[in-house]
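target_7.tsv (TSV, C-alpha atoms) appears below.
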```
chain	number	residue	atom	x	y	z
A	1	MET	CA	0.00	0.00	0.00
A	2	ILE	CA	2.88	2.39	0.52
A	3	GLY	CA	3.12	4.92	-2.28
A	4	MET	CA	-0.36	4.44	-3.74
A	5	ASP	CA	-2.29	7.44	-5.01
A	6	PHE	CA	-4.99	8.96	-2.83
A	7	LEU	CA	-8.03	7.56	-4.67
A	8	GLU	CA	-6.55	4.07	-4.55
A	9	LEU	CA	-5.75	4.56	-0.86
A	10	SER	CA	-9.36	5.66	-0.28
A	11	LYS	CA	-10.69	2.55	-2.02
A	12	GLU	CA	-8.42	0.24	-0.02
A	13	ARG	CA	-9.21	1.72	3.39
A	14	TYR	CA	-11.98	0.00	5.32
A	15	SER	CA	-13.25	-0.13	8.88
A	16	VAL	CA	-11.33	-2.92	10.59
A	17	ARG	CA	-13.30	-4.66	13.30
A	18	LYS	CA	-10.83	-7.43	14.00
A	19	PHE	CA	-7.19	-6.73	14.78
A	20	SER	CA	-4.19	-9.02	15.18
A	21	ASP	CA	-2.20	-8.85	18.41
A	22	LYS	CA	0.86	-7.50	16.55
A	23	LYS	CA	2.10	-4.30	18.16
A	24	VAL	CA	2.08	-1.03	16.24
A	25	GLU	CA	5.62	0.25	15.83
A	26	ASP	CA	6.34	3.57	17.58
A	27	GLU	CA	7.76	5.00	14.35
A	28	LYS	CA	4.48	4.34	12.54
A	29	LEU	CA	2.43	5.74	15.39
A	30	GLU	CA	4.60	8.88	15.41
A	31	LYS	CA	4.05	9.32	11.66
A	32	ILE	CA	0.27	8.93	12.14
A	33	LEU	CA	0.28	11.56	14.88
A	34	GLN	CA	2.36	13.89	12.69
A	35	ALA	CA	-0.25	13.54	9.92
A	36	GLY	CA	-2.84	14.72	12.42
A	37	ARG	CA	-0.65	17.59	13.55
A	38	LEU	CA	-0.25	18.77	9.95
A	39	ALA	CA	-3.97	18.53	9.12
A	40	PRO	CA	-5.75	21.82	8.49
A	41	THR	CA	-7.94	23.37	11.18
A	42	ALA	CA	-10.10	26.50	11.08
A	43	LYS	CA	-7.95	29.60	11.60
A	44	ASN	CA	-5.14	27.13	12.39
A	45	SER	CA	-6.64	26.82	15.89
A	46	GLN	CA	-5.19	23.31	16.35
A	47	SER	CA	-7.71	22.65	19.11
A	48	GLN	CA	-7.44	18.89	18.72
A	49	ARG	CA	-6.29	16.93	21.74
A	50	ILE	CA	-5.33	13.32	21.10
A	51	PHE	CA	-4.90	10.79	23.85
A	52	VAL	CA	-2.85	7.75	22.80
A	53	LEU	CA	-4.19	4.70	24.60
A	54	LYS	CA	-1.45	2.12	24.29
A	55	SER	CA	-0.44	1.01	27.77
A	56	PRO	CA	-2.08	-2.16	29.09
A	57	GLU	CA	-3.89	-0.08	31.72
A	58	ALA	CA	-5.25	2.48	29.24
A	59	VAL	CA	-6.29	-0.20	26.74
A	60	ALA	CA	-8.05	-2.16	29.51
A	61	LYS	CA	-9.84	1.01	30.61
A	62	ILE	CA	-11.14	1.85	27.12
A	63	ARG	CA	-12.21	-1.75	26.52
A	64	ALA	CA	-14.14	-1.70	29.81
A	65	ALA	CA	-15.86	1.55	28.79
A	66	THR	CA	-16.89	0.52	25.25
A	67	GLN	CA	-16.83	-2.39	22.84
A	68	MET	CA	-15.95	0.10	20.11
A	69	ALA	CA	-12.23	-0.48	20.76
A	70	PHE	CA	-12.49	-3.79	18.84
A	71	ASN	CA	-9.41	-5.16	20.63
A	72	ALA	CA	-7.13	-2.77	18.75
A	73	PRO	CA	-3.66	-2.52	20.30
A	74	VAL	CA	-3.79	1.30	20.04
A	75	VAL	CA	-6.80	3.56	20.40
A	76	LEU	CA	-6.62	7.28	19.84
A	77	MET	CA	-9.16	9.30	21.79
A	78	VAL	CA	-9.71	12.36	19.60
A	79	CYS	CA	-11.06	15.41	21.38
A	80	TYR	CA	-11.12	19.15	20.90
A	81	ASP	CA	-10.62	21.94	23.41
A	82	GLU	CA	-13.57	24.32	23.32
A	83	ASN	CA	-11.36	27.06	24.78
A	84	GLU	CA	-9.19	26.96	21.65
A	85	SER	CA	-11.57	25.95	18.85
A	86	TYR	CA	-12.57	28.44	16.18
A	87	LYS	CA	-15.91	30.17	16.76
A	88	ASN	CA	-17.71	31.98	13.96
A	89	VAL	CA	-19.61	34.63	15.90
A	90	ASN	CA	-21.09	35.98	12.65
A	91	ASP	CA	-22.91	32.72	11.92
A	92	THR	CA	-26.21	32.66	13.75
A	93	ALA	CA	-27.71	29.74	11.82
A	94	TYR	CA	-26.31	27.29	14.36
A	95	THR	CA	-28.35	28.27	17.40
A	96	TYR	CA	-27.86	24.85	18.97
A	97	TYR	CA	-24.23	25.71	19.70
A	98	PRO	CA	-23.43	27.40	23.01
A	99	GLY	CA	-23.56	31.14	22.47
A	100	GLY	CA	-25.58	30.68	19.26
A	101	HIS	CA	-22.60	30.57	16.93
A	102	TYR	CA	-20.75	27.91	15.02
A	103	ASP	CA	-17.96	26.07	16.84
A	104	GLY	CA	-15.52	24.40	14.44
A	105	GLY	CA	-13.90	22.09	17.01
A	106	GLU	CA	-15.73	18.92	16.04
A	107	VAL	CA	-15.08	19.44	12.33
A	108	ASP	CA	-11.42	20.18	12.99
A	109	ALA	CA	-11.04	17.03	15.10
A	110	SER	CA	-12.71	15.07	12.29
A	111	ILE	CA	-10.31	16.46	9.69
A	112	VAL	CA	-7.39	15.53	11.96
A	113	THR	CA	-8.83	12.03	12.41
A	114	SER	CA	-9.20	11.58	8.65
A	115	ALA	CA	-5.58	12.56	8.07
A	116	MET	CA	-4.41	10.07	10.70
A	117	MET	CA	-6.69	7.34	9.35
A	118	PHE	CA	-5.35	7.66	5.81
A	119	GLN	CA	-1.75	7.84	7.02
A	120	ALA	CA	-2.27	4.63	8.99
A	121	THR	CA	-3.72	2.95	5.91
A	122	GLU	CA	-0.75	4.02	3.81
A	123	LEU	CA	1.53	2.45	6.43
A	124	GLY	CA	-0.26	-0.91	6.14
A	125	LEU	CA	-2.30	-0.52	9.32
A	126	GLY	CA	-6.02	-0.87	9.76
A	127	THR	CA	-8.29	1.62	11.48
A	128	LEU	CA	-11.81	2.03	12.67
A	129	TRP	CA	-13.37	5.43	13.25
A	130	ALA	CA	-15.71	4.75	16.16
A	131	ARG	CA	-18.51	6.88	17.52
A	132	GLY	CA	-21.09	4.29	18.61
A	133	PHE	CA	-20.35	4.67	22.30
A	134	ASP	CA	-21.58	6.49	25.38
A	135	ALA	CA	-19.14	9.39	25.61
A	136	ALA	CA	-20.07	10.04	29.24
A	137	LYS	CA	-18.63	6.65	30.26
A	138	ILE	CA	-15.34	7.35	28.52
A	139	ILE	CA	-15.12	10.92	29.78
A	140	GLU	CA	-15.64	9.65	33.31
A	141	ALA	CA	-13.21	6.73	32.96
A	142	PHE	CA	-10.43	9.02	31.76
A	143	ALA	CA	-11.44	12.04	33.87
A	144	LEU	CA	-11.47	14.41	30.91
A	145	PRO	CA	-11.89	18.07	31.84
A	146	LYS	CA	-15.13	19.81	30.83
A	147	ASN	CA	-13.45	21.93	28.15
A	148	LEU	CA	-12.46	18.80	26.18
A	149	HIS	CA	-15.10	17.24	23.94
A	150	LEU	CA	-14.67	13.63	22.85
A	151	VAL	CA	-15.32	13.42	19.10
A	152	CYS	CA	-14.32	9.86	18.24
A	153	LEU	CA	-12.06	6.93	18.87
A	154	LEU	CA	-9.61	5.86	16.18
A	155	ASP	CA	-8.74	2.20	16.64
A	156	ILE	CA	-5.38	1.36	15.06
A	157	GLY	CA	-3.58	-1.92	14.50
A	158	TYR	CA	-2.74	-4.61	12.01
A	159	PRO	CA	-5.85	-6.26	10.63
A	160	ALA	CA	-6.32	-9.88	11.67
A	161	ALA	CA	-5.69	-12.42	8.91
A	162	ASP	CA	-9.44	-12.97	8.56
A	163	ALA	CA	-10.46	-9.30	8.80
A	164	GLU	CA	-12.50	-8.07	5.89
A	165	PRO	CA	-14.53	-5.05	4.92
A	166	SER	CA	-18.22	-4.84	5.76
A	167	PRO	CA	-20.46	-5.88	2.87
A	168	ARG	CA	-21.52	-2.20	2.69
A	169	HIS	CA	-17.95	-0.98	2.24
A	170	SER	CA	-18.06	-0.71	-1.55
A	171	ASP	CA	-21.63	0.61	-1.74
A	172	ARG	CA	-21.23	4.15	-3.04
A	173	LYS	CA	-23.90	6.38	-4.44
A	174	PRO	CA	-23.13	7.80	-7.86
A	175	LEU	CA	-21.78	11.36	-7.88
A	176	SER	CA	-25.04	12.50	-9.48
A	177	GLU	CA	-26.82	11.76	-6.17
A	178	THR	CA	-24.32	13.55	-3.92
A	179	VAL	CA	-22.97	16.38	-6.06
A	180	LYS	CA	-24.92	19.22	-7.65
A	181	TRP	CA	-23.28	21.48	-10.23
A	182	ILE	CA	-24.56	25.02	-10.08
```
Could you render the structure from this file as structure tokens?
Amino acid sequence: MIGMDFLELSKERYSVRKFSDKKVEDEKLEKILQAGRLAPTAKNSQSQRIFVLKSPEAVAKIRAATQMAFNAPVVLMVCYDENESYKNVNDTAYTYYPGGHYDGGEVDASIVTSAMMFQATELGLGTLWARGFDAAKIIEAFALPKNLHLVCLLDIGYPAADAEPSPRHSDRKPLSETVKWI
């Protein structure tokens, strides 16, 4: 997979739900984290906060809090700091945000997660972007401060020999259903 073009990389990437017990090399993990660091964020706020769950204690704690860790040897807890995230005070369409303005923290954390996910794929690792969990349990288990918002978990590891994409993986709507030219 190393050196493939981005569209090919995008086709090859899938949500891994079964990982081998092979450890992720620190050099690869560092490169994945660097990809996240270099990802764009609104106004370059860099409000993402990433917790690397790799120690036996941290991995046991996340597995006790949610099944969404899928026995991955590394789980990244991707959060954003609301004290540092970009706020568009001129945008009043998003009244469900505190203060009635758009907060870009969740989008920024998602962009960062995407960059890390694709970097991991290029390095021959599998990932799963997880959000099907009760955030309150994880926030409590890891004693996250109130200004940090948990956006997702990114499970990382080598896919098990029998891991395979979901049957829905290749189902893609045609561009004509998702793109409108104006």
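Taking only C-alpha atoms into account, A:Tyr80 lies nearest to A:Leu144 out of the set A:Ala58, A:Met116, A:Ala93, A:Leu144.
Around stretch 39-53 of chain A, within 7 Å and counting all atoms listed in the file, the residues found are A:Ala35, A:Gly36, A:Arg37, A:Ser55, A:Ala58, A:Val59, A:Val74, A:Val75, A:Leu76, A:Met77, A:Val78, A:Cys79, A:Tyr80, A:Asp81, A:Glu84, A:Ser85, A:Tyr86, A:Gly104, A:Gly105, A:Asp108, A:Ala109, A:Ile111, A:Val112, A:Ala115, once anything fewer than 2 positions away on its own chain is removed.
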Shell around stretch 121-136 of chain A at 7 Å using all atoms listed in the file, local window under 4 positions removed, as number ranges by chain: A: 1-2, 9, 13, 15-17, 66, 68, 117, 140, 150, 152-159
Tell me which protein, DNA and RNA residues are within 8 Å of A:Ile62, counting all atoms listed in the file, leaving out same-chain ones fewer than 5 positions away, and put them as a PDB file with C-alpha atoms, in the coordinates of the input.
```pdb
ATOM      1  CA  LEU A  53      -4.190   4.700  24.600  1.00  0.00           C
ATOM      2  CA  ALA A  69     -12.230  -0.480  20.760  1.00  0.00           C
ATOM      3  CA  ILE A 138     -15.340   7.350  28.520  1.00  0.00           C
ATOM      4  CA  ALA A 141     -13.210   6.730  32.960  1.00  0.00           C
TER       5      ALA A 141
END
```
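In this comparison, which uses only C-alpha atoms, the residue of A:Lys61, A:Lys23, A:Arg172, A:Ile32 approaching A:Ala143 most closely is A:Lys61.
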Distance in Å - atom CA of A:Val151 versus atom CA of A:Ser110: 7.5 Å
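For the pair atom CA of A:Leu175 and atom CA of A:Ser114, the separation is 20.8 Å.
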Box along x, y and z, 5 Å on every side, all listed atoms of stretch 154-158 of chain A inside: centre and edge lengths in Å to one decimal, as JSON.
```
{"center_x": -6.2, "center_y": 0.6, "center_z": 14.3, "size_x": 16.9, "size_y": 20.5, "size_z": 14.6}
```
Distance criterion (all atoms listed in the file): nearest to A:Glu12 out of A:Gln67, A:Thr92, A:Thr113, A:Ser170: A:Ser170
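Relative to atom CA of A:Asn83, atom CA of A:His149 is found at 10.5 Å.
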